[in-house]
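Asks: One structure, as structure tokens, below. Some questions next.
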Amino acid sequence: MALRRERMRLGDLLIKQKVLTEDELQKALALQKGSGKKIGEVLVDEGFISEEMIVRALQMQLGLKVVQLAGVTIPKEVRNLVNVDLLKKYVCVPFELDPYNANILHLAMADPMDMTAIDDISIVTNLQVEPYIATNREILACIDRCYGAKETLDAARRFTQERAQLRGNMEEENNADVSDAPIVQLVRSLMEQAIRQRASDIHIEALENKVRVRYRIDGALFEKMVYDNSLLPAISTRIKIMGGMDISEKRKPQDGRMTIMVDRQEYDIRISSIPTVHGEKLVMRISSKLSLTKNKRELGLYPDELKRFDHMLANPFGIIFVTGPTGSGKSTTLYTALSELNREAVNIVTVEDPVEADIEGINQIQVNPRVDLTFASALRSILRQDPDIIMIGEIRDRETASIAVQASITGHLVVSTLHTNNAVGTLNRMADMGVERYLIADAVVGVIAQRLVRKLCPHCRKKRLATPEEKRIMKLSQEQEVEVYEPAGCDLCNHTGYFGRTGVFEIMEVNEEIRKLIAENAATEELELAARKSGMRTLRENGIRYVLDGTTSFDEMMKASYE
């Protein structure tokens with residue numbers, strides 16, 4: 001057995017499979033010393049190899065099966081076999097008992113050659129272990145899904161016990177508030193679980209006699225945990241310390257910011273606290289550079305719309321607006337456009353409030369009203385910085401609107417956001433802000449109005465026939481049999497029926513006819529007619545396309561394109 005352990009080391013196996021060189025392995029081994037990490041982790045962290053490559057090499061060399069843990073439900077009896085600390089130590093998770101022999105336990109492992117892990121799990125469970133291969137990230141996400149809530153509850157229980165002991169010893173309660181390891185663990189666990197479950201926000205709310213934790217996943221809030229309200233001061237203090245906020249101030253709203261590493265990826269977390277009747281409410285907005293700078297093909301644009309999008313971005317000067325309500329994906333579209341335009345020959349400057357993702361090669365300015373650095377004052381200074389492309393986080397007032405228009409006419413490409421309901425409404429909003437119509441006609445290159453819809457889970461969506469009312473709304477013939485899909489719910493989508501979101505767009509490119517109509521102060525209906533004549537499809541029309549091709553449900557389309 002000792003011989004086998006010695007011979008079968010991950011590094012040697014990867015060299016044998018020609019996915020790693022001896023030189024790279026030696027570098028990784030040198031970096032591993034004293035880090036407490038496994039060699040596989042170091043190799044992935046340093047970019048020598050990807051997790052998927054390790055899985056493929058192990059599969060080919062050892063002939064073991066690969067398991068996809070994303071949609072697997074682990075039976076309760078299997079879940080209770082091993083302590084979660086042991087699973088995290090060895091990065092493995094038992095997922096089922098063998099259907100033909102109940103004495104064999106199937107164990108998903110990131111390193112199936114770790115004989116110590118196999119021996120330990122075998123001793124603890126008193127079962128024979130059969131290793132399967134899975135990626136590090138999948139195993140950690142699975143541990144989180146199955147054991148996360150229990151872990152946070154255990155940490156909460158430990159905190160309550162320790163605090164009671166401290167009270168018994170007549171010690172100051174506040175000494176325990178922050179340095180308490182259980183609370184540190186609890187908050188960390190809350191954030192890790194949210195990230196692994198694809199949440200965009202964490203809501204920690206003080207109710208009358210409990211603390212409720214909800215995650216916003218794919219735009220909808222789900223209650224995840226409920227704690228005793230005595231935990232709120234400790235949770236709040238811990239989060240405030242992490243976000244660089246004032247822990248003594250509980251009576252007025254505060255904002256903070258922090259970064260956290262989860263599964264080798266950096267996440268930016270913006271924190272907002274506000275006093276409510278029963279205590280402070282904290283909301284943490286999670287964003288990552290990777291999700292904000294997508295490939296533009298991932299935004300959800302149809303090929304013909306992608307062509308128009310590219311054509312608008314190719315303009316050397318003018319204004320492009322991205323509009324929609326809060327949380328409709330405007331920032332993602334803007335960042336995607338900027339990443340596309342980000343080249344050595346181009347000077348890109350942005351003014352944002354707040355800066356949502358740090359992009360290399362782009363000069364980003366954070367608005368700060370305390371030192372009189374507003375959108376308008378920053379814009380004036382930017383124009384003296386020889387920019388080619390300017391991104392304005394949001395046009396909120398007449399002054400910013402008028403400088404943006406001037407900048408676009410004097411040879412700069414300006415991209416910005418506005419809160420309007422549709423593409424045509426944006427032109428009227430600019431006029432309402434006091435910008436002359438002939439200037440709007442001259443400056444605006446195009447407007448992209450957008451919303452986000454939840455995508456149906458491809459594993460469990462159910463097909464059905466559309467009702468007469470649905471056909472009427474979608475402007476389809478009543479005689480025609482139309483199939484649509486609706487959500488069902490499975491383990492993969494956490495029984496919500498939806499997995500991920502995509503954009504629904506309304507792209508209006510300003511042509512000569514539309515320019516003339518804007519300058520002449522034409523009615524909204526005339527502008528919309530001209531835009532549709534030149535090929536613009538409305539949010540409702542694009543939403544219907546998504547319903548008919550099974551991307552989303554009828555209800556989601558209705559929410560995104562309310563008429």
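Naming scheme: A, B, ... for chains in displayed order of the structure tokens; residues 1 onward per chain; ligands 1 onward as shown.
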Would you give me, as a ChimeraX atom specification, the residues in region 307-478 of chain A that DSSP reads as alpha helix (DSSP H)?

Replies: /A:307-313,330-341,375-382,398-409,423-432,437-443,468-473

Asks: For a quick check of understanding, using only C-alpha atoms, which of A:Thr502, A:Asn136, A:Thr400, A:Asn421 has the smallest distance to Val435 (chain A)?

Replies: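 Ranking A:Thr502, A:Asn136, A:Thr400, A:Asn421 by distance to Val435 (chain A), first place goes to A:Thr400.
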
Asks: So the first atom is CA of Val445 (chain A) and the second is CA of Leu334 (chain A); what is the distance between them in Å, to one decimal place?

Replies: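 Separation of CA of Val445 (chain A) and CA of Leu334 (chain A): 15.0 Å.
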
Asks: Between A:Met53, A:Ile320, A:Ile247, A:Ile274, which one has atoms that come closest to Gln17 (chain A), using only C-alpha atoms?

Replies: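 Closest to Gln17 (chain A), using only C-alpha atoms: A:Met53.
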
Asks: Restricting the calculation to only C-alpha atoms: of A:Lys296, A:Ala70, A:Met558, A:Ala220, which residue gets closest to Cys490 (chain A)?

Replies: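 Distance minimum relative to Cys490 (chain A) lands on A:Ala70.
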
Asks: So the first atom is CA of Glu24 (chain A) and the second is CA of Ile49 (chain A); what is the distance between them in Å, to one decimal place?

Replies: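 For CA of Glu24 (chain A) relative to CA of Ile49 (chain A), the distance reads 9.7 Å.
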